[in-house]
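The data block below is data.cif; it holds mmCIF, N, CA and C atoms.
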data_data
loop_
_atom_site.label_atom_id
_atom_site.label_comp_id
_atom_site.auth_asym_id
_atom_site.auth_seq_id
_atom_site.Cartn_x
_atom_site.Cartn_y
_atom_site.Cartn_z
N MET W 1 3.09 -120.31 -77.67
CA MET W 1 4.40 -119.73 -77.92
C MET W 1 5.09 -120.58 -78.98
N SER W 2 5.65 -119.92 -79.98
CA SER W 2 6.35 -120.63 -81.05
C SER W 2 7.70 -121.15 -80.54
N GLU W 3 8.28 -122.07 -81.30
CA GLU W 3 9.61 -122.57 -80.94
C GLU W 3 10.64 -121.45 -80.99
N THR W 4 10.49 -120.55 -81.94
CA THR W 4 11.43 -119.42 -82.05
C THR W 4 11.34 -118.54 -80.80
N ALA W 5 10.13 -118.20 -80.38
CA ALA W 5 9.95 -117.38 -79.18
C ALA W 5 10.46 -118.11 -77.94
N LEU W 6 10.22 -119.41 -77.87
CA LEU W 6 10.70 -120.21 -76.75
C LEU W 6 12.22 -120.17 -76.67
N GLN W 7 12.87 -120.36 -77.81
CA GLN W 7 14.33 -120.33 -77.82
C GLN W 7 14.84 -118.94 -77.47
N GLN W 8 14.19 -117.90 -77.96
CA GLN W 8 14.60 -116.54 -77.63
C GLN W 8 14.51 -116.28 -76.13
N HIS W 9 13.46 -116.76 -75.48
CA HIS W 9 13.33 -116.62 -74.02
C HIS W 9 14.48 -117.34 -73.31
N CYS W 10 14.77 -118.55 -73.75
CA CYS W 10 15.86 -119.31 -73.12
C CYS W 10 17.21 -118.60 -73.31
N VAL W 11 17.44 -118.07 -74.49
CA VAL W 11 18.71 -117.37 -74.75
C VAL W 11 18.81 -116.11 -73.89
N LYS W 12 17.71 -115.39 -73.74
CA LYS W 12 17.72 -114.21 -72.85
C LYS W 12 18.08 -114.61 -71.43
N LEU W 13 17.49 -115.70 -70.95
CA LEU W 13 17.79 -116.18 -69.60
C LEU W 13 19.26 -116.57 -69.48
N LEU W 14 19.76 -117.28 -70.48
CA LEU W 14 21.16 -117.70 -70.44
C LEU W 14 22.10 -116.50 -70.52
N ASN W 15 21.78 -115.54 -71.36
CA ASN W 15 22.62 -114.35 -71.45
C ASN W 15 22.66 -113.58 -70.13
N SER W 16 21.58 -113.64 -69.38
CA SER W 16 21.51 -112.92 -68.11
C SER W 16 22.03 -113.72 -66.92
N TYR W 17 21.80 -115.04 -66.91
CA TYR W 17 22.02 -115.82 -65.69
C TYR W 17 22.91 -117.05 -65.82
N ALA W 18 23.45 -117.31 -67.00
CA ALA W 18 24.27 -118.52 -67.17
C ALA W 18 25.53 -118.44 -66.30
N ARG W 19 25.95 -119.59 -65.84
CA ARG W 19 27.22 -119.68 -65.12
C ARG W 19 28.35 -119.24 -66.04
N PRO W 20 29.35 -118.54 -65.51
CA PRO W 20 30.45 -118.10 -66.36
C PRO W 20 31.41 -119.22 -66.75
N ASP W 21 31.30 -120.37 -66.09
CA ASP W 21 32.24 -121.47 -66.35
C ASP W 21 31.66 -122.55 -67.27
N ILE W 22 30.62 -122.21 -68.01
CA ILE W 22 30.06 -123.17 -68.96
C ILE W 22 30.19 -122.62 -70.38
N GLU W 23 30.11 -123.52 -71.33
CA GLU W 23 30.03 -123.15 -72.75
C GLU W 23 28.64 -123.52 -73.24
N TRP W 24 28.01 -122.62 -73.95
CA TRP W 24 26.72 -122.94 -74.57
C TRP W 24 26.61 -122.15 -75.87
N HIS W 25 25.86 -122.70 -76.79
CA HIS W 25 25.60 -122.02 -78.04
C HIS W 25 24.36 -122.61 -78.71
N ALA W 26 23.79 -121.83 -79.61
CA ALA W 26 22.65 -122.29 -80.40
C ALA W 26 23.14 -122.91 -81.69
N VAL W 27 22.33 -123.82 -82.22
CA VAL W 27 22.63 -124.44 -83.50
C VAL W 27 21.54 -123.98 -84.48
N PRO W 28 21.89 -123.11 -85.41
CA PRO W 28 20.88 -122.51 -86.30
C PRO W 28 20.52 -123.40 -87.49
N ASN W 29 20.01 -124.57 -87.24
CA ASN W 29 19.67 -125.49 -88.32
C ASN W 29 18.29 -125.27 -88.90
N GLY W 30 17.41 -124.57 -88.21
CA GLY W 30 16.02 -124.54 -88.60
C GLY W 30 15.63 -123.51 -89.63
N GLU W 31 16.51 -122.65 -90.04
CA GLU W 31 16.15 -121.58 -90.97
C GLU W 31 15.95 -122.11 -92.40
N ARG W 32 15.06 -121.46 -93.11
CA ARG W 32 14.84 -121.79 -94.52
C ARG W 32 16.03 -121.26 -95.33
N ARG W 33 16.45 -122.05 -96.32
CA ARG W 33 17.56 -121.62 -97.18
C ARG W 33 17.35 -122.17 -98.57
N ASP W 34 17.97 -121.53 -99.51
CA ASP W 34 17.85 -122.01 -100.88
C ASP W 34 18.65 -123.31 -101.04
N LYS W 35 18.38 -124.02 -102.13
CA LYS W 35 18.97 -125.34 -102.36
C LYS W 35 20.50 -125.29 -102.40
N LYS W 36 21.06 -124.28 -103.06
CA LYS W 36 22.52 -124.16 -103.17
C LYS W 36 23.16 -123.96 -101.79
N THR W 37 22.57 -123.10 -100.98
CA THR W 37 23.09 -122.86 -99.62
C THR W 37 22.96 -124.13 -98.79
N ALA W 38 21.84 -124.82 -98.89
CA ALA W 38 21.64 -126.06 -98.14
C ALA W 38 22.69 -127.10 -98.52
N GLN W 39 22.99 -127.22 -99.81
CA GLN W 39 24.01 -128.19 -100.26
C GLN W 39 25.39 -127.81 -99.72
N ARG W 40 25.71 -126.52 -99.75
CA ARG W 40 27.01 -126.06 -99.25
C ARG W 40 27.13 -126.33 -97.75
N LEU W 41 26.07 -126.03 -96.99
CA LEU W 41 26.10 -126.26 -95.55
C LEU W 41 26.20 -127.75 -95.23
N LYS W 42 25.50 -128.58 -95.98
CA LYS W 42 25.59 -130.02 -95.78
C LYS W 42 27.02 -130.51 -96.03
N ALA W 43 27.66 -129.97 -97.07
CA ALA W 43 29.05 -130.33 -97.36
C ALA W 43 30.00 -129.87 -96.24
N LEU W 44 29.60 -128.84 -95.52
CA LEU W 44 30.40 -128.34 -94.40
C LEU W 44 30.11 -129.07 -93.09
N GLY W 45 29.15 -130.00 -93.11
CA GLY W 45 28.89 -130.81 -91.93
C GLY W 45 27.60 -130.51 -91.18
N VAL W 46 26.79 -129.60 -91.68
CA VAL W 46 25.51 -129.33 -91.03
C VAL W 46 24.65 -130.59 -91.15
N GLN W 47 24.05 -130.98 -90.04
CA GLN W 47 23.24 -132.19 -90.01
C GLN W 47 21.84 -131.88 -89.53
N ALA W 48 20.86 -132.50 -90.15
CA ALA W 48 19.47 -132.34 -89.73
C ALA W 48 19.27 -132.98 -88.36
N GLY W 49 18.41 -132.36 -87.56
CA GLY W 49 18.02 -132.96 -86.30
C GLY W 49 18.85 -132.58 -85.10
N VAL W 50 19.94 -131.84 -85.30
CA VAL W 50 20.78 -131.45 -84.16
C VAL W 50 19.96 -130.56 -83.23
N ALA W 51 20.16 -130.72 -81.93
CA ALA W 51 19.38 -129.99 -80.93
C ALA W 51 19.58 -128.49 -81.04
N ASP W 52 18.62 -127.74 -80.51
CA ASP W 52 18.62 -126.28 -80.59
C ASP W 52 19.74 -125.64 -79.79
N LEU W 53 19.99 -126.13 -78.59
CA LEU W 53 21.02 -125.56 -77.72
C LEU W 53 21.98 -126.66 -77.29
N MET W 54 23.26 -126.33 -77.32
CA MET W 54 24.30 -127.28 -76.93
C MET W 54 25.08 -126.69 -75.76
N PHE W 55 25.45 -127.55 -74.81
CA PHE W 55 26.14 -127.11 -73.60
C PHE W 55 27.33 -128.00 -73.32
N LEU W 56 28.34 -127.41 -72.72
CA LEU W 56 29.44 -128.15 -72.11
C LEU W 56 29.49 -127.66 -70.67
N ILE W 57 29.09 -128.52 -69.75
CA ILE W 57 28.99 -128.17 -68.34
C ILE W 57 29.68 -129.26 -67.54
N GLU W 58 30.71 -128.87 -66.81
CA GLU W 58 31.44 -129.81 -65.95
C GLU W 58 31.87 -131.05 -66.74
N ALA W 59 32.45 -130.81 -67.90
CA ALA W 59 32.98 -131.85 -68.80
C ALA W 59 31.89 -132.79 -69.33
N LYS W 60 30.64 -132.34 -69.30
CA LYS W 60 29.53 -133.12 -69.83
C LYS W 60 28.93 -132.39 -71.02
N ASN W 61 28.74 -133.12 -72.13
CA ASN W 61 28.08 -132.57 -73.31
C ASN W 61 26.57 -132.77 -73.17
N ILE W 62 25.84 -131.69 -73.32
CA ILE W 62 24.38 -131.73 -73.12
C ILE W 62 23.71 -131.06 -74.32
N ALA W 63 22.69 -131.71 -74.84
CA ALA W 63 21.91 -131.17 -75.95
C ALA W 63 20.49 -130.92 -75.45
N LEU W 64 19.95 -129.75 -75.76
CA LEU W 64 18.58 -129.41 -75.36
C LEU W 64 17.77 -129.06 -76.60
N GLU W 65 16.76 -129.86 -76.87
CA GLU W 65 15.81 -129.61 -77.96
C GLU W 65 14.61 -128.89 -77.35
N LEU W 66 14.16 -127.83 -78.01
CA LEU W 66 13.02 -127.05 -77.54
C LEU W 66 11.84 -127.26 -78.47
N LYS W 67 10.69 -127.54 -77.87
CA LYS W 67 9.46 -127.77 -78.63
C LYS W 67 8.33 -126.97 -78.01
N THR W 68 7.33 -126.65 -78.83
CA THR W 68 6.12 -126.06 -78.28
C THR W 68 5.46 -127.10 -77.37
N GLU W 69 4.50 -126.67 -76.58
CA GLU W 69 3.84 -127.61 -75.68
C GLU W 69 3.19 -128.77 -76.42
N ASN W 70 2.80 -128.55 -77.66
CA ASN W 70 2.17 -129.60 -78.47
C ASN W 70 3.09 -130.12 -79.56
N GLY W 71 4.37 -129.76 -79.50
CA GLY W 71 5.32 -130.14 -80.53
C GLY W 71 5.66 -131.62 -80.52
N LYS W 72 6.33 -132.04 -81.56
CA LYS W 72 6.74 -133.44 -81.69
C LYS W 72 8.12 -133.47 -82.33
N MET W 73 8.97 -134.34 -81.82
CA MET W 73 10.31 -134.49 -82.40
C MET W 73 10.20 -135.16 -83.77
N SER W 74 11.04 -134.70 -84.69
CA SER W 74 11.09 -135.31 -86.02
C SER W 74 11.94 -136.59 -85.97
N LYS W 75 11.87 -137.36 -87.02
CA LYS W 75 12.70 -138.58 -87.12
C LYS W 75 14.18 -138.21 -87.07
N ALA W 76 14.56 -137.11 -87.73
CA ALA W 76 15.97 -136.67 -87.71
C ALA W 76 16.39 -136.29 -86.29
N GLN W 77 15.50 -135.65 -85.53
CA GLN W 77 15.82 -135.28 -84.15
C GLN W 77 15.94 -136.52 -83.27
N GLU W 78 15.07 -137.49 -83.47
CA GLU W 78 15.16 -138.74 -82.71
C GLU W 78 16.46 -139.48 -83.04
N ALA W 79 16.87 -139.46 -84.31
CA ALA W 79 18.11 -140.10 -84.71
C ALA W 79 19.32 -139.39 -84.08
N PHE W 80 19.27 -138.04 -84.05
CA PHE W 80 20.35 -137.30 -83.41
C PHE W 80 20.43 -137.65 -81.93
N GLN W 81 19.28 -137.69 -81.26
CA GLN W 81 19.26 -138.04 -79.83
C GLN W 81 19.93 -139.40 -79.61
N GLU W 82 19.57 -140.36 -80.43
CA GLU W 82 20.15 -141.71 -80.30
C GLU W 82 21.66 -141.68 -80.48
N ARG W 83 22.14 -140.99 -81.50
CA ARG W 83 23.59 -140.91 -81.74
C ARG W 83 24.30 -140.16 -80.61
N PHE W 84 23.71 -139.07 -80.16
CA PHE W 84 24.32 -138.24 -79.13
C PHE W 84 24.44 -139.01 -77.81
N GLU W 85 23.38 -139.69 -77.43
CA GLU W 85 23.42 -140.47 -76.19
C GLU W 85 24.35 -141.67 -76.32
N ARG W 86 24.38 -142.31 -77.47
CA ARG W 86 25.28 -143.44 -77.68
C ARG W 86 26.73 -142.99 -77.55
N ALA W 87 27.02 -141.75 -77.93
CA ALA W 87 28.38 -141.21 -77.83
C ALA W 87 28.71 -140.71 -76.43
N GLY W 88 27.74 -140.78 -75.52
CA GLY W 88 28.00 -140.40 -74.13
C GLY W 88 27.42 -139.06 -73.72
N GLY W 89 26.71 -138.39 -74.61
CA GLY W 89 26.11 -137.11 -74.28
C GLY W 89 24.79 -137.27 -73.54
N ARG W 90 24.37 -136.19 -72.93
CA ARG W 90 23.08 -136.15 -72.23
C ARG W 90 22.13 -135.33 -73.10
N TYR W 91 20.94 -135.83 -73.32
CA TYR W 91 19.97 -135.20 -74.21
C TYR W 91 18.69 -134.93 -73.45
N ALA W 92 18.11 -133.75 -73.68
CA ALA W 92 16.81 -133.43 -73.08
C ALA W 92 15.96 -132.74 -74.13
N CYS W 93 14.68 -133.02 -74.09
CA CYS W 93 13.71 -132.33 -74.94
C CYS W 93 12.70 -131.68 -74.01
N ALA W 94 12.53 -130.37 -74.15
CA ALA W 94 11.61 -129.62 -73.29
C ALA W 94 10.44 -129.12 -74.13
N TYR W 95 9.24 -129.32 -73.60
CA TYR W 95 8.01 -128.91 -74.27
C TYR W 95 7.44 -127.71 -73.53
N GLY W 96 7.62 -126.53 -74.10
CA GLY W 96 7.11 -125.30 -73.49
C GLY W 96 8.13 -124.66 -72.55
N LEU W 97 7.82 -123.43 -72.15
CA LEU W 97 8.75 -122.63 -71.36
C LEU W 97 9.01 -123.21 -69.98
N SER W 98 7.98 -123.72 -69.32
CA SER W 98 8.18 -124.29 -67.98
C SER W 98 9.16 -125.45 -68.02
N GLU W 99 8.99 -126.37 -68.98
CA GLU W 99 9.91 -127.50 -69.09
C GLU W 99 11.30 -127.05 -69.50
N ALA W 100 11.38 -126.02 -70.35
CA ALA W 100 12.69 -125.52 -70.77
C ALA W 100 13.46 -124.96 -69.58
N ILE W 101 12.79 -124.17 -68.75
CA ILE W 101 13.44 -123.61 -67.57
C ILE W 101 13.83 -124.73 -66.61
N ALA W 102 12.94 -125.70 -66.42
CA ALA W 102 13.26 -126.84 -65.55
C ALA W 102 14.49 -127.59 -66.07
N ALA W 103 14.58 -127.76 -67.38
CA ALA W 103 15.75 -128.44 -67.96
C ALA W 103 17.02 -127.64 -67.73
N LEU W 104 16.97 -126.33 -67.91
CA LEU W 104 18.15 -125.49 -67.68
C LEU W 104 18.58 -125.52 -66.22
N ILE W 105 17.61 -125.57 -65.32
CA ILE W 105 17.94 -125.70 -63.90
C ILE W 105 18.55 -127.07 -63.63
N ASP W 106 17.96 -128.10 -64.21
CA ASP W 106 18.42 -129.48 -63.99
C ASP W 106 19.86 -129.69 -64.46
N ILE W 107 20.24 -129.06 -65.57
CA ILE W 107 21.62 -129.24 -66.06
C ILE W 107 22.59 -128.27 -65.39
N ARG W 108 22.07 -127.46 -64.49
CA ARG W 108 22.88 -126.51 -63.71
C ARG W 108 23.52 -125.45 -64.61
N ALA W 109 22.71 -124.92 -65.53
CA ALA W 109 23.19 -123.90 -66.45
C ALA W 109 23.25 -122.52 -65.81
N PHE W 110 22.44 -122.28 -64.78
CA PHE W 110 22.38 -120.96 -64.17
C PHE W 110 23.35 -120.84 -63.00
N ARG W 111 23.75 -119.59 -62.75
CA ARG W 111 24.62 -119.30 -61.61
C ARG W 111 23.93 -119.73 -60.31
N PRO W 112 24.72 -120.09 -59.29
CA PRO W 112 24.12 -120.43 -57.99
C PRO W 112 23.28 -119.26 -57.46
N ASN W 113 22.25 -119.60 -56.76
CA ASN W 113 21.35 -118.62 -56.13
C ASN W 113 20.52 -117.82 -57.12
N VAL W 114 20.50 -118.22 -58.38
CA VAL W 114 19.60 -117.61 -59.35
C VAL W 114 18.31 -118.43 -59.34
N HIS W 115 17.20 -117.73 -59.16
CA HIS W 115 15.90 -118.40 -59.14
C HIS W 115 15.06 -117.85 -60.29
N VAL W 116 14.81 -118.69 -61.28
CA VAL W 116 14.06 -118.28 -62.45
C VAL W 116 12.63 -118.79 -62.31
N ASN W 117 11.69 -117.90 -62.57
CA ASN W 117 10.28 -118.23 -62.46
C ASN W 117 9.61 -117.92 -63.80
N VAL W 118 8.71 -118.78 -64.23
CA VAL W 118 8.03 -118.59 -65.51
C VAL W 118 7.12 -117.38 -65.47
N LYS W 119 6.51 -117.09 -64.32
CA LYS W 119 5.59 -115.95 -64.23
C LYS W 119 6.33 -114.67 -64.58
N GLY W 120 5.70 -113.86 -65.39
CA GLY W 120 6.31 -112.59 -65.80
C GLY W 120 7.17 -112.72 -67.06
N LEU W 121 7.47 -113.96 -67.49
CA LEU W 121 8.27 -114.14 -68.68
C LEU W 121 7.42 -114.30 -69.94
N MET W 122 6.19 -114.66 -69.77
CA MET W 122 5.33 -114.91 -70.92
C MET W 122 4.95 -113.59 -71.57
N PRO W 123 4.91 -113.56 -72.91
CA PRO W 123 4.54 -112.31 -73.61
C PRO W 123 3.07 -111.98 -73.41
#
I need this file expressed as structure tokens, please.
Amino acid sequence: MSETALQQHCVKLLNSYARPDIEWHAVPNGERRDKKTAQRLKALGVQAGVADLMFLIEAKNIALELKTENGKMSKAQEAFQERFERAGGRYACAYGLSEAIAALIDIRAFRPNVHVNVKGLMP
């Protein structure tokens, strides 16, 4: 499963089962763009390495990076993790759909009594 497909699965789950009292959003840093657009976005504060999904849950800032089962974090992602944790945030990196769902459960992103199972979710 690609990182894009993995993130799409997570977003579908969040759209269906996320707690109503949390804030979450995706950070669209990974798309290809021309040099002029990249320069403009950088001037606006876009930073390399920011996690794929960001959460505010119970006054805690949480960043979730999604990787394929064989993926590897980039140097920019490792630097973001270091800065984010130093600032007091909680950071998680999930490799594959099972770990992503486990991370979402661990941060309490889903409504109470929602039980998400990986079986049946795979394409």
Skip Arg111 of chain W itself and residues of its chain fewer than 2 positions away, then list as a PDB file with N, CA and C atoms, in the coordinates of the input all residues within 7 Å of it, counting only N, CA and C atoms.
ATOM      1  N   TYR W  17      21.800-115.040 -66.910  1.00  0.00           N
ATOM      2  CA  TYR W  17      22.020-115.820 -65.690  1.00  0.00           C
ATOM      3  C   TYR W  17      22.910-117.050 -65.820  1.00  0.00           C
ATOM      4  N   ALA W  18      23.450-117.310 -67.000  1.00  0.00           N
ATOM      5  CA  ALA W  18      24.270-118.520 -67.170  1.00  0.00           C
ATOM      6  C   ALA W  18      25.530-118.440 -66.300  1.00  0.00           C
ATOM      7  N   ARG W  19      25.950-119.590 -65.840  1.00  0.00           N
ATOM      8  CA  ARG W  19      27.220-119.680 -65.120  1.00  0.00           C
ATOM      9  C   ARG W  19      28.350-119.240 -66.040  1.00  0.00           C
ATOM     10  N   PRO W  20      29.350-118.540 -65.510  1.00  0.00           N
ATOM     11  CA  PRO W  20      30.450-118.100 -66.360  1.00  0.00           C
ATOM     12  C   PRO W  20      31.410-119.220 -66.750  1.00  0.00           C
ATOM     13  N   ARG W 108      22.070-127.460 -64.490  1.00  0.00           N
ATOM     14  CA  ARG W 108      22.880-126.510 -63.710  1.00  0.00           C
ATOM     15  C   ARG W 108      23.520-125.450 -64.610  1.00  0.00           C
ATOM     16  N   ALA W 109      22.710-124.920 -65.530  1.00  0.00           N
ATOM     17  CA  ALA W 109      23.190-123.900 -66.450  1.00  0.00           C
ATOM     18  C   ALA W 109      23.250-122.520 -65.810  1.00  0.00           C
ATOM     19  N   ASN W 113      22.250-119.600 -56.760  1.00  0.00           N
ATOM     20  CA  ASN W 113      21.350-118.620 -56.130  1.00  0.00           C
ATOM     21  C   ASN W 113      20.520-117.820 -57.120  1.00  0.00           C
ATOM     22  N   VAL W 114      20.500-118.220 -58.380  1.00  0.00           N
ATOM     23  CA  VAL W 114      19.600-117.610 -59.350  1.00  0.00           C
ATOM     24  C   VAL W 114      18.310-118.430 -59.340  1.00  0.00           C
TER      25      VAL W 114
END
Selection result for the PyMOL selection byres (((chain W and resi 88-93 and name CA) around 8) and name CA) on this file, as a list in words: Lys60, Asn61, Ile62, Ala63, Leu64, Glu65, Leu66, Lys67, Gln81, Phe84, Glu85, Arg86, Ala87, Ala94, Tyr95 and Ala103 of chain W
For Ala100 of chain W, the nearest of the candidates W:Ala5, W:Val27, W:Ala38, W:Cys10, counting all atoms listed in the file: W:Cys10
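We find atom CA of Ala79 of chain W and atom CA of Ile105 of chain W to be spaced 25.3 Å apart.
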DSSP alpha helix (DSSP H) residues within segment 10-99 of chain W, listed as JSON, numbers by chain: {"W": [10, 11, 12, 13, 14, 15, 16, 17, 35, 36, 37, 38, 39, 40, 41, 42, 43, 75, 76, 77, 78, 79, 80, 81, 82, 83, 84, 85, 86, 96, 97, 98, 99]}
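For the pair atom CA of Asn117 of chain W and atom CA of Gln77 of chain W, the interatomic distance is 28.1 Å.
Distances to Lys75 of chain W were evaluated for W:Ala48, W:Arg32, W:Gln7, W:Leu53 using only N, CA and C atoms, and the minimum falls at W:Ala48.
Reported to one decimal place, the separation of atom N of Lys36 of chain W from atom C of Trp24 of chain W is 27.8 Å.
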DSSP strand (DSSP E or B) residues within segment 7-55 of chain W, listed as a ChimeraX atom specification: /W:18,23-26,53-55
Export N, CA and C atoms of the chosen residues as a compact mmCIF listing (two decimals), keeping the file's coordinate frame?
# COMPACT_ATOMS: atom_id res chain seq x y z
N ALA W 18 23.45 -117.31 -67.00
CA ALA W 18 24.27 -118.52 -67.17
C ALA W 18 25.53 -118.44 -66.30
N GLU W 23 30.11 -123.52 -71.33
CA GLU W 23 30.03 -123.15 -72.75
C GLU W 23 28.64 -123.52 -73.24
N TRP W 24 28.01 -122.62 -73.95
CA TRP W 24 26.72 -122.94 -74.57
C TRP W 24 26.61 -122.15 -75.87
N HIS W 25 25.86 -122.70 -76.79
CA HIS W 25 25.60 -122.02 -78.04
C HIS W 25 24.36 -122.61 -78.71
N ALA W 26 23.79 -121.83 -79.61
CA ALA W 26 22.65 -122.29 -80.40
C ALA W 26 23.14 -122.91 -81.69
N LEU W 53 19.99 -126.13 -78.59
CA LEU W 53 21.02 -125.56 -77.72
C LEU W 53 21.98 -126.66 -77.29
N MET W 54 23.26 -126.33 -77.32
CA MET W 54 24.30 -127.28 -76.93
C MET W 54 25.08 -126.69 -75.76
N PHE W 55 25.45 -127.55 -74.81
CA PHE W 55 26.14 -127.11 -73.60
C PHE W 55 27.33 -128.00 -73.32
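Nearest to Met54 of chain W of all the residues W:His25, W:Phe110, W:Glu78, W:Lys72 is W:His25, counting all atoms listed in the file.
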Residue nearest Glu82 of chain W among W:Gly49, W:Ala102, W:Gln39, W:Thr68 (counting only C-alpha atoms): W:Gly49
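Nearest to Ser74 of chain W of all the residues W:Ala59, W:Ala51, W:Ile107, W:Val116 is W:Ala51, counting only C-alpha atoms.
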Using only N, CA and C atoms: which of W:Ala43, W:Glu69, W:Leu14, W:Lys35 has the shortest distance to Ser2 of chain W: W:Glu69
Using the atoms already present, construct all heavy atoms for segment 40-47 of chain W and hand them back as a short mmCIF file (atom, residue, chain, number, x, y, z; two decimals), keeping the file's coordinate frame.
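Writing done, so here's selection-v2.cif:
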data_model
loop_
_atom_site.label_atom_id
_atom_site.label_comp_id
_atom_site.auth_asym_id
_atom_site.auth_seq_id
_atom_site.Cartn_x
_atom_site.Cartn_y
_atom_site.Cartn_z
N ARG W 40 25.71 -126.52 -99.75
CA ARG W 40 27.01 -126.06 -99.25
C ARG W 40 27.13 -126.33 -97.75
O ARG W 40 28.14 -126.83 -97.27
CB ARG W 40 27.20 -124.57 -99.53
CG ARG W 40 28.55 -124.04 -99.07
CD ARG W 40 28.75 -122.58 -99.45
NE ARG W 40 27.71 -121.69 -98.96
CZ ARG W 40 27.66 -121.20 -97.71
NH1 ARG W 40 28.58 -121.53 -96.83
NH2 ARG W 40 26.69 -120.40 -97.35
N LEU W 41 26.07 -126.03 -96.99
CA LEU W 41 26.10 -126.26 -95.55
C LEU W 41 26.20 -127.75 -95.23
O LEU W 41 26.92 -128.14 -94.31
CB LEU W 41 24.87 -125.64 -94.89
CG LEU W 41 24.84 -124.11 -94.89
CD1 LEU W 41 23.52 -123.60 -94.36
CD2 LEU W 41 26.01 -123.54 -94.09
N LYS W 42 25.50 -128.58 -95.98
CA LYS W 42 25.59 -130.02 -95.78
C LYS W 42 27.02 -130.51 -96.03
O LYS W 42 27.55 -131.31 -95.27
CB LYS W 42 24.61 -130.76 -96.69
CG LYS W 42 24.54 -132.25 -96.42
CD LYS W 42 23.47 -132.91 -97.25
CE LYS W 42 23.39 -134.40 -96.93
NZ LYS W 42 22.32 -135.07 -97.65
N ALA W 43 27.66 -129.97 -97.07
CA ALA W 43 29.05 -130.33 -97.36
C ALA W 43 30.00 -129.87 -96.24
O ALA W 43 31.06 -130.46 -96.04
CB ALA W 43 29.48 -129.73 -98.69
N LEU W 44 29.60 -128.84 -95.52
CA LEU W 44 30.40 -128.34 -94.40
C LEU W 44 30.11 -129.07 -93.09
O LEU W 44 30.73 -128.78 -92.07
CB LEU W 44 30.16 -126.84 -94.21
CG LEU W 44 30.71 -125.94 -95.31
CD1 LEU W 44 30.23 -124.51 -95.13
CD2 LEU W 44 32.24 -126.01 -95.33
N GLY W 45 29.15 -130.00 -93.11
CA GLY W 45 28.89 -130.81 -91.93
C GLY W 45 27.60 -130.51 -91.18
O GLY W 45 27.34 -131.11 -90.14
N VAL W 46 26.79 -129.60 -91.68
CA VAL W 46 25.51 -129.33 -91.03
C VAL W 46 24.65 -130.59 -91.15
O VAL W 46 24.57 -131.19 -92.22
CB VAL W 46 24.81 -128.11 -91.67
CG1 VAL W 46 23.39 -127.95 -91.13
CG2 VAL W 46 25.63 -126.85 -91.43
N GLN W 47 24.05 -130.98 -90.04
CA GLN W 47 23.24 -132.19 -90.01
C GLN W 47 21.84 -131.88 -89.53
O GLN W 47 21.66 -131.11 -88.57
CB GLN W 47 23.86 -133.22 -89.07
CG GLN W 47 25.22 -133.71 -89.50
CD GLN W 47 25.79 -134.71 -88.52
OE1 GLN W 47 25.06 -135.39 -87.81
NE2 GLN W 47 27.10 -134.81 -88.50
#
